[in-house]
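Text of entry-v6.cif (mmCIF, C-alpha atoms) as supplied:
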```cif
data_coords
loop_
_atom_site.group_PDB
_atom_site.id
_atom_site.type_symbol
_atom_site.label_atom_id
_atom_site.label_comp_id
_atom_site.auth_asym_id
_atom_site.auth_seq_id
_atom_site.Cartn_x
_atom_site.Cartn_y
_atom_site.Cartn_z
ATOM 1 C CA MET A 251 16.105 -8.617 64.580
ATOM 2 C CA CYS A 252 18.819 -9.826 62.167
ATOM 3 C CA GLN A 253 16.212 -11.072 59.755
ATOM 4 C CA THR A 254 14.483 -7.690 59.844
ATOM 5 C CA ARG A 255 17.758 -5.857 59.075
ATOM 6 C CA LYS A 256 18.347 -8.123 56.074
ATOM 7 C CA MET A 257 14.884 -7.299 54.705
ATOM 8 C CA VAL A 258 15.504 -3.566 55.143
ATOM 9 C CA SER A 259 18.870 -3.852 53.375
ATOM 10 C CA VAL A 260 17.346 -5.640 50.391
ATOM 11 C CA SER A 261 14.532 -3.067 50.143
ATOM 12 C CA TRP A 262 17.032 -0.204 50.324
ATOM 13 C CA ARG A 263 19.167 -1.672 47.511
ATOM 14 C CA GLY A 264 16.082 -2.194 45.367
ATOM 15 C CA CYS A 265 15.016 1.381 45.964
ATOM 16 C CA ARG A 266 18.402 2.722 44.882
ATOM 17 C CA ALA A 267 18.316 0.615 41.686
ATOM 18 C CA MET A 268 14.844 1.899 40.799
ATOM 19 C CA SER A 269 15.939 5.467 41.476
ATOM 20 C CA ARG A 270 18.929 5.130 39.148
ATOM 21 C CA PHE A 271 16.665 3.703 36.434
ATOM 22 C CA ALA A 272 14.193 6.581 36.741
ATOM 23 C CA ARG A 273 16.983 9.167 36.578
ATOM 24 C CA ALA A 274 18.522 7.473 33.532
ATOM 25 C CA VAL A 275 15.217 7.607 31.671
ATOM 26 C CA SER A 276 14.263 11.087 32.836
ATOM 27 C CA PHE A 277 17.626 12.841 32.287
ATOM 28 C CA PRO A 278 19.208 11.727 28.981
ATOM 29 C CA THR A 279 22.899 12.335 28.450
ATOM 30 C CA ALA A 280 24.191 15.036 26.124
ATOM 31 C CA ALA A 281 25.444 12.401 23.672
ATOM 32 C CA ASN A 282 22.061 10.736 23.490
ATOM 33 C CA THR A 283 20.191 13.998 23.015
ATOM 34 C CA ALA A 284 22.580 15.049 20.237
ATOM 35 C CA GLN A 285 22.169 11.806 18.272
ATOM 36 C CA LYS A 286 18.617 10.667 18.977
ATOM 37 C CA PRO A 287 15.368 12.595 18.714
ATOM 38 C CA LYS A 288 13.117 12.830 21.699
ATOM 39 C CA VAL A 289 10.643 9.975 21.874
ATOM 40 C CA SER A 290 7.334 10.395 23.545
ATOM 41 C CA SER A 291 7.048 7.693 26.211
ATOM 42 C CA CYS A 292 5.151 6.978 29.372
ATOM 43 C CA VAL A 293 7.589 6.283 32.221
ATOM 44 C CA PRO A 294 5.933 5.042 35.417
ATOM 45 C CA ARG A 295 6.380 6.943 38.634
ATOM 46 C CA VAL A 296 8.671 5.147 41.030
ATOM 47 C CA VAL A 297 7.740 4.934 44.705
ATOM 48 C CA CYS A 298 10.426 3.740 47.090
ATOM 49 C CA ALA A 299 11.376 4.022 50.688
ATOM 50 C CA SER A 300 14.069 6.424 51.861
ATOM 51 C CA PHE A 301 15.520 5.518 55.215
ATOM 52 C CA GLY A 302 15.781 8.097 57.906
ATOM 53 C CA SER A 303 13.803 9.293 60.865
ATOM 54 C CA SER A 304 10.092 8.527 60.570
ATOM 55 C CA SER A 305 7.180 7.368 62.564
ATOM 56 C CA ASP A 306 7.105 3.716 61.409
ATOM 57 C CA GLY A 307 9.097 0.949 63.010
ATOM 58 C CA PHE A 308 11.885 0.905 60.427
ATOM 59 C CA GLY A 309 12.482 4.641 60.252
ATOM 60 C CA SER A 310 11.396 4.836 56.607
ATOM 61 C CA SER A 311 9.327 7.332 54.673
ATOM 62 C CA SER A 312 7.799 7.272 51.164
ATOM 63 C CA ARG A 313 9.372 9.311 48.377
ATOM 64 C CA ILE A 314 8.032 9.708 44.785
ATOM 65 C CA ILE A 315 10.403 10.041 41.848
ATOM 66 C CA SER A 316 8.665 11.520 38.791
ATOM 67 C CA PRO A 317 10.299 11.572 35.348
ATOM 68 C CA ARG A 318 10.740 14.855 33.543
ATOM 69 C CA ASN A 319 7.923 15.979 31.276
ATOM 70 C CA ASP A 320 10.097 16.958 28.287
ATOM 71 C CA HIS A 321 8.139 14.549 26.100
ATOM 72 C CA ARG A 322 5.036 16.674 26.464
ATOM 73 C CA SER A 323 6.482 19.185 24.010
ATOM 74 C CA CYS A 324 6.643 16.580 21.219
ATOM 75 C CA HIS A 325 3.642 16.612 18.898
ATOM 76 C CA ARG A 326 2.662 14.248 16.116
ATOM 77 C CA SER A 327 0.171 14.908 13.381
ATOM 78 C CA PHE A 328 -2.327 12.291 12.207
ATOM 79 C CA VAL A 329 -4.975 12.559 9.532
ATOM 80 C CA SER A 330 -8.365 10.957 9.972
ATOM 81 C CA SER A 331 -10.278 9.204 7.226
ATOM 82 C CA ALA A 332 -12.988 11.842 7.399
ATOM 83 C CA SER A 333 -10.562 14.698 6.761
ATOM 84 C CA VAL A 334 -9.121 12.899 3.734
ATOM 85 C CA ALA A 335 -12.572 12.127 2.360
ATOM 86 C CA ASN A 336 -13.679 15.737 2.809
ATOM 87 C CA SER A 337 -10.684 16.919 0.800
ATOM 88 C CA VAL A 338 -11.679 14.978 -2.313
ATOM 89 C CA GLY A 339 -13.097 17.236 -4.990
ATOM 90 C CA THR A 340 -11.583 20.409 -3.574
ATOM 91 C CA SER A 341 -8.899 22.511 -5.165
ATOM 92 C CA SER A 342 -6.610 22.373 -2.142
ATOM 93 C CA LYS A 343 -4.116 19.636 -1.476
ATOM 94 C CA PRO A 344 -5.393 16.774 0.687
ATOM 95 C CA PRO A 345 -4.261 17.161 4.309
ATOM 96 C CA HIS A 346 -2.086 14.054 4.087
ATOM 97 C CA ALA A 347 0.134 15.592 1.408
ATOM 98 C CA ARG A 348 2.896 16.447 3.886
ATOM 99 C CA LEU A 349 2.881 12.967 5.399
ATOM 100 C CA HIS A 350 2.698 10.849 2.251
ATOM 101 C CA GLY A 351 4.261 12.996 -0.449
ATOM 102 C CA PHE A 352 0.981 13.384 -2.299
ATOM 103 C CA ASP A 353 1.393 14.368 -5.946
ATOM 104 C CA LYS A 354 -1.812 15.044 -7.859
ATOM 105 C CA ALA A 355 -0.050 15.161 -11.221
ATOM 106 C CA ARG A 356 1.569 11.787 -10.659
ATOM 107 C CA GLN A 357 -1.758 9.888 -10.634
ATOM 108 C CA GLY A 358 -0.106 6.887 -8.966
ATOM 109 C CA LEU A 359 -1.955 3.974 -7.411
ATOM 110 C CA SER A 360 -0.605 4.924 -3.998
ATOM 111 C CA ASP A 361 -2.135 8.406 -4.359
ATOM 112 C CA LEU A 362 -5.482 6.940 -5.429
ATOM 113 C CA CYS A 363 -5.513 4.584 -2.453
ATOM 114 C CA ASP A 364 -4.566 7.317 0.025
ATOM 115 C CA VAL A 365 -7.489 9.462 -1.135
ATOM 116 C CA PHE A 366 -10.199 6.957 -2.025
ATOM 117 C CA HIS A 367 -9.334 4.130 0.396
ATOM 118 C CA PRO A 368 -7.939 5.876 3.499
ATOM 119 C CA GLU A 369 -9.393 3.294 5.890
ATOM 120 C CA PRO A 370 -7.059 0.726 7.498
ATOM 121 C CA VAL A 371 -6.675 -2.551 5.646
ATOM 122 C CA ASP A 372 -8.418 -4.437 8.463
ATOM 123 C CA ASP A 373 -11.457 -2.140 8.482
ATOM 124 C CA SER A 374 -14.132 -4.317 6.879
ATOM 125 C CA THR A 375 -17.037 -1.915 7.280
ATOM 126 C CA THR A 376 -15.994 1.424 5.794
ATOM 127 C CA GLY A 377 -13.627 0.466 2.968
ATOM 128 C CA ASN A 378 -14.231 1.603 -0.589
ATOM 129 C CA ARG A 379 -16.214 -1.263 -2.123
ATOM 130 C CA GLN A 380 -15.608 0.026 -5.657
ATOM 131 C CA MET A 381 -11.839 -0.417 -5.364
ATOM 132 C CA GLN A 382 -10.555 -3.919 -6.183
ATOM 133 C CA PHE A 383 -6.924 -5.021 -6.188
ATOM 134 C CA VAL A 384 -5.327 -7.601 -8.470
ATOM 135 C CA GLU A 385 -3.305 -10.094 -6.463
ATOM 136 C CA PRO A 386 0.226 -8.736 -5.916
ATOM 137 C CA GLY A 387 2.838 -10.235 -8.212
ATOM 138 C CA TYR A 388 0.272 -11.874 -10.498
ATOM 139 C CA LEU A 389 0.946 -9.571 -13.470
ATOM 140 C CA ARG A 390 4.262 -8.263 -14.768
ATOM 141 C CA ASP A 391 5.090 -5.082 -16.701
ATOM 142 C CA PHE A 392 6.200 -5.468 -20.320
ATOM 143 C CA GLY A 393 5.221 -2.258 -22.121
ATOM 144 C CA GLY A 394 7.224 0.911 -22.492
ATOM 145 C CA VAL A 395 4.593 2.763 -20.431
ATOM 146 C CA LYS A 396 4.383 1.662 -16.802
ATOM 147 C CA ARG A 397 1.482 3.851 -15.640
ATOM 148 C CA PHE A 398 -1.799 3.836 -17.554
ATOM 149 C CA SER A 399 -5.541 3.873 -16.965
ATOM 150 C CA GLY A 400 -8.825 3.859 -18.831
ATOM 151 C CA PRO A 401 -12.263 2.259 -19.098
ATOM 152 C CA ALA A 402 -12.124 -1.463 -19.750
ATOM 153 C CA VAL A 403 -13.027 -3.374 -22.889
ATOM 154 C CA THR A 404 -13.141 -7.079 -22.011
ATOM 155 C CA ILE A 405 -12.450 -10.250 -23.999
ATOM 156 C CA ARG A 406 -12.695 -13.826 -22.749
ATOM 157 C CA CYS A 407 -10.723 -16.296 -24.847
ATOM 158 C CA PHE A 408 -8.608 -19.388 -24.253
ATOM 159 C CA GLU A 409 -5.474 -19.880 -26.311
ATOM 160 C CA ASN A 410 -7.180 -18.123 -29.279
ATOM 161 C CA ASN A 411 -6.932 -14.435 -30.128
ATOM 162 C CA PRO A 412 -9.046 -13.427 -33.192
ATOM 163 C CA LEU A 413 -11.107 -11.036 -31.052
ATOM 164 C CA VAL A 414 -7.914 -9.459 -29.681
ATOM 165 C CA ARG A 415 -6.833 -8.401 -33.167
ATOM 166 C CA GLU A 416 -10.351 -7.253 -34.007
ATOM 167 C CA ALA A 417 -10.559 -5.053 -30.904
ATOM 168 C CA LEU A 418 -7.094 -3.509 -31.196
ATOM 169 C CA ASN A 419 -7.744 -2.655 -34.832
ATOM 170 C CA GLU A 420 -10.444 -0.242 -33.644
ATOM 171 C CA PRO A 421 -9.850 3.257 -32.208
ATOM 172 C CA GLY A 422 -8.914 2.804 -28.570
ATOM 173 C CA THR A 423 -9.776 6.347 -27.387
ATOM 174 C CA GLY A 424 -7.747 5.870 -24.221
ATOM 175 C CA ARG A 425 -9.360 2.590 -23.192
ATOM 176 C CA VAL A 426 -7.724 -0.510 -21.683
ATOM 177 C CA LEU A 427 -8.209 -3.926 -23.293
ATOM 178 C CA VAL A 428 -8.530 -6.652 -20.650
ATOM 179 C CA ILE A 429 -7.968 -10.154 -22.042
ATOM 180 C CA ASP A 430 -8.949 -13.078 -19.844
ATOM 181 C CA GLY A 431 -7.030 -15.988 -21.326
ATOM 182 C CA GLY A 432 -7.800 -18.290 -18.437
ATOM 183 C CA GLY A 433 -4.272 -17.920 -17.121
ATOM 184 C CA SER A 434 -2.906 -20.262 -19.816
ATOM 185 C CA ARG A 435 0.880 -20.480 -20.085
ATOM 186 C CA ARG A 436 0.906 -22.651 -23.232
ATOM 187 C CA CYS A 437 0.920 -19.844 -25.826
ATOM 188 C CA ALA A 438 0.921 -16.061 -26.265
ATOM 189 C CA LEU A 439 -2.196 -13.979 -26.856
ATOM 190 C CA LEU A 440 -0.356 -10.750 -27.741
ATOM 191 C CA GLY A 441 2.769 -10.005 -29.764
ATOM 192 C CA ASP A 442 4.656 -6.955 -30.922
ATOM 193 C CA ASN A 443 2.483 -6.478 -34.039
ATOM 194 C CA LEU A 444 -0.745 -6.315 -32.030
ATOM 195 C CA ALA A 445 0.894 -4.135 -29.362
ATOM 196 C CA ALA A 446 2.089 -1.696 -32.061
ATOM 197 C CA MET A 447 -1.429 -1.674 -33.529
ATOM 198 C CA ALA A 448 -2.836 -0.843 -30.096
ATOM 199 C CA MET A 449 -0.384 2.034 -29.677
ATOM 200 C CA THR A 450 -1.157 3.442 -33.126
ATOM 201 C CA ASN A 451 -4.910 3.276 -32.556
ATOM 202 C CA GLY A 452 -4.798 5.084 -29.221
ATOM 203 C CA TRP A 453 -5.295 2.332 -26.663
ATOM 204 C CA ALA A 454 -3.980 3.216 -23.214
ATOM 205 C CA GLY A 455 -2.896 -0.318 -22.396
ATOM 206 C CA VAL A 456 -3.515 -4.064 -22.521
ATOM 207 C CA VAL A 457 -3.901 -6.354 -19.512
ATOM 208 C CA VAL A 458 -3.549 -10.076 -20.297
ATOM 209 C CA ASN A 459 -4.498 -12.925 -17.997
ATOM 210 C CA GLY A 460 -2.133 -15.083 -19.978
ATOM 211 C CA CYS A 461 1.152 -14.784 -21.860
ATOM 212 C CA ILE A 462 2.641 -12.458 -24.460
ATOM 213 C CA ARG A 463 5.617 -12.774 -26.785
ATOM 214 C CA ASP A 464 8.141 -10.429 -28.437
ATOM 215 C CA ALA A 465 8.701 -8.932 -24.995
ATOM 216 C CA GLN A 466 11.934 -7.169 -25.960
ATOM 217 C CA ASP A 467 10.212 -5.294 -28.782
ATOM 218 C CA ILE A 468 7.058 -4.545 -26.794
ATOM 219 C CA ALA A 469 9.219 -2.887 -24.151
ATOM 220 C CA LYS A 470 10.170 -0.236 -26.740
ATOM 221 C CA LEU A 471 6.558 0.701 -27.521
ATOM 222 C CA LYS A 472 4.803 3.597 -25.792
ATOM 223 C CA ILE A 473 1.899 1.571 -24.480
ATOM 224 C CA GLY A 474 1.155 -0.166 -21.198
ATOM 225 C CA VAL A 475 1.187 -3.970 -21.262
ATOM 226 C CA LYS A 476 0.742 -6.278 -18.291
ATOM 227 C CA ALA A 477 0.669 -10.069 -18.478
ATOM 228 C CA ILE A 478 1.428 -13.179 -16.451
ATOM 229 C CA SER A 479 4.541 -14.188 -18.385
ATOM 230 C CA THR A 480 6.004 -14.755 -21.842
ATOM 231 C CA HIS A 481 5.780 -17.646 -24.300
ATOM 232 C CA PRO A 482 7.270 -17.785 -27.831
ATOM 233 C CA LEU A 483 4.408 -19.861 -29.317
ATOM 234 C CA LYS A 484 1.537 -17.991 -30.991
ATOM 235 C CA SER A 485 -2.079 -18.754 -30.180
ATOM 236 C CA SER A 486 -4.691 -20.528 -32.298
ATOM 237 C CA LYS A 487 -7.312 -18.746 -34.440
ATOM 238 C CA ARG A 488 -10.207 -21.263 -34.436
ATOM 239 C CA ASP A 489 -12.212 -20.128 -31.378
ATOM 240 C CA ALA A 490 -13.090 -16.444 -31.377
ATOM 241 C CA GLY A 491 -14.111 -16.232 -27.735
ATOM 242 C CA GLN A 492 -16.439 -13.638 -26.182
ATOM 243 C CA ARG A 493 -16.318 -9.865 -26.059
ATOM 244 C CA ASN A 494 -17.764 -7.320 -23.616
ATOM 245 C CA VAL A 495 -18.552 -9.872 -20.923
ATOM 246 C CA PRO A 496 -17.576 -9.774 -17.231
ATOM 247 C CA VAL A 497 -14.206 -11.418 -16.591
ATOM 248 C CA GLN A 498 -12.820 -12.621 -13.295
ATOM 249 C CA PHE A 499 -9.236 -13.473 -12.321
ATOM 250 C CA ALA A 500 -6.632 -12.775 -9.643
ATOM 251 C CA GLY A 501 -9.203 -11.657 -7.076
ATOM 252 C CA VAL A 502 -11.027 -9.049 -9.193
ATOM 253 C CA THR A 503 -14.138 -8.935 -11.363
ATOM 254 C CA ILE A 504 -14.012 -6.557 -14.330
ATOM 255 C CA THR A 505 -17.117 -5.580 -16.274
ATOM 256 C CA PRO A 506 -17.042 -3.565 -19.500
ATOM 257 C CA GLY A 507 -16.719 0.131 -18.691
ATOM 258 C CA ASP A 508 -15.024 -0.337 -15.304
ATOM 259 C CA TRP A 509 -11.989 1.897 -14.882
ATOM 260 C CA VAL A 510 -8.665 0.084 -14.727
ATOM 261 C CA TYR A 511 -5.614 1.775 -13.172
ATOM 262 C CA ALA A 512 -2.133 0.291 -13.466
ATOM 263 C CA ASP A 513 1.434 1.143 -12.562
ATOM 264 C CA MET A 514 4.433 -0.682 -11.127
ATOM 265 C CA ASP A 515 2.621 -1.090 -7.791
ATOM 266 C CA GLY A 516 -0.056 -3.301 -9.355
ATOM 267 C CA VAL A 517 -3.524 -3.026 -10.878
ATOM 268 C CA VAL A 518 -6.603 -1.434 -9.306
ATOM 269 C CA VAL A 519 -10.115 -1.887 -10.676
ATOM 270 C CA GLY A 520 -12.744 0.753 -9.927
ATOM 271 C CA GLY A 521 -16.317 1.332 -10.957
ATOM 272 C CA ARG A 522 -17.653 3.194 -13.970
ATOM 273 C CA THR A 523 -16.849 6.559 -12.372
ATOM 274 C CA LYS A 524 -13.242 7.645 -12.715
ATOM 275 C CA PHE A 525 -11.261 8.313 -9.550
ATOM 276 C CA GLU A 526 -10.288 11.965 -9.940
ATOM 277 C CA LEU A 527 -7.503 13.340 -7.759
#
```

Take the structure in this file and express it as structure tokens.
Amino acid sequence: MCQTRKMVSVSWRGCRAMSRFARAVSFPTAANTAQKPKVSSCVPRVVCASFGSSSDGFGSSSRIISPRNDHRSCHRSFVSSASVANSVGTSSKPPHARLHGFDKARQGLSDLCDVFHPEPVDDSTTGNRQMQFVEPGYLRDFGGVKRFSGPAVTIRCFENNPLVREALNEPGTGRVLVIDGGGSRRCALLGDNLAAMAMTNGWAGVVVNGCIRDAQDIAKLKIGVKAISTHPLKSSKRDAGQRNVPVQFAGVTITPGDWVYADMDGVVVGGRTKFEL
């Protein structure tokens, strides 16, 4: 009989503790409600025994404590990939504008990704296969323009830049010169004179898989320039290299005519069709 009373006492104390917990979760204090927003949560129903007159041997009966349903009034808005995709090409703002601060005029990489690659990063079946991303941190910004885009003109050269001068001496018409220097850090493939020539001739930007020099002066020019790093030594002029060939570096493959988009978030490579917001 004594052992039975001890078991009943323990059960009763446990029931009271669970009841206090349920009330604390279900009925927030005035201070908490004033400082913290309501959070939608699923609180389990607590079933305990209340002791009194009943038909079982211990004089107990079941009682259910249910939390308040205030959280049912809280609503959250999510946007599906289909709704974002359907919004492309329409005159109205995409439905995710309120959630992500969408700005069509900004033309940022984040806006392009939100519209043209709305799928989760781990979704390997429905992602936009035309959108490639240069490895984060691989290229640095050096030009006076941080956001630029245009169809690519490609050059493959290693520590020699005659074709770079030849290309930048032509009208750029808003294109982006992509120079694959093999990632060499032994000399510079672009200096302030070539960068100024590119700006004068209407190139949108230059992306260098290698080094540049005269970085302080290039930063004053109104042209986009991205490169691995800087080096004060100029390149050689003996090997011309190759022009208008596919180049591959930092996780992307760029073919002539592919659209290149760049800002301070990185570099995105698309297909031959421009991503229009």

Name all residues at most 12 Å from Ile504 of chain A (count only C-alpha atoms; drop same-chain ones fewer than 3 positions away) and give them as a count of residues only.
36

Which one of A:Gly424, A:Gly441, A:Leu389, A:Arg488 sits closest to Phe408 of chain A if you count only C-alpha atoms?
A:Arg488

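Going from atom CA of Gly422 of chain A over to atom CA of Met449 of chain A, you cover 8.6 Å.
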
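Between atom CA of Arg463 of chain A and atom CA of Asp442 of chain A lies a distance of 7.2 Å.
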
Skipping near chain neighbours, those fewer than 6 positions away, what residues fall within 9 Å of Ile468 of chain A using only C-alpha atoms, listed as a ChimeraX atom specification?
/A:392-394,441-443,445-446,475

Between atom CA of Gly431 of chain A and atom CA of Arg493 of chain A, what is the spacing in Å?
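Here the two named atoms are 12.1 Å from each other.
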
Within 9 Å of Lys476 of chain A using only C-alpha atoms, minus same-chain residues under 3 positions, as an MDAnalysis selection string:
chainID A and resid 389:393 396 455:459 462 479 512
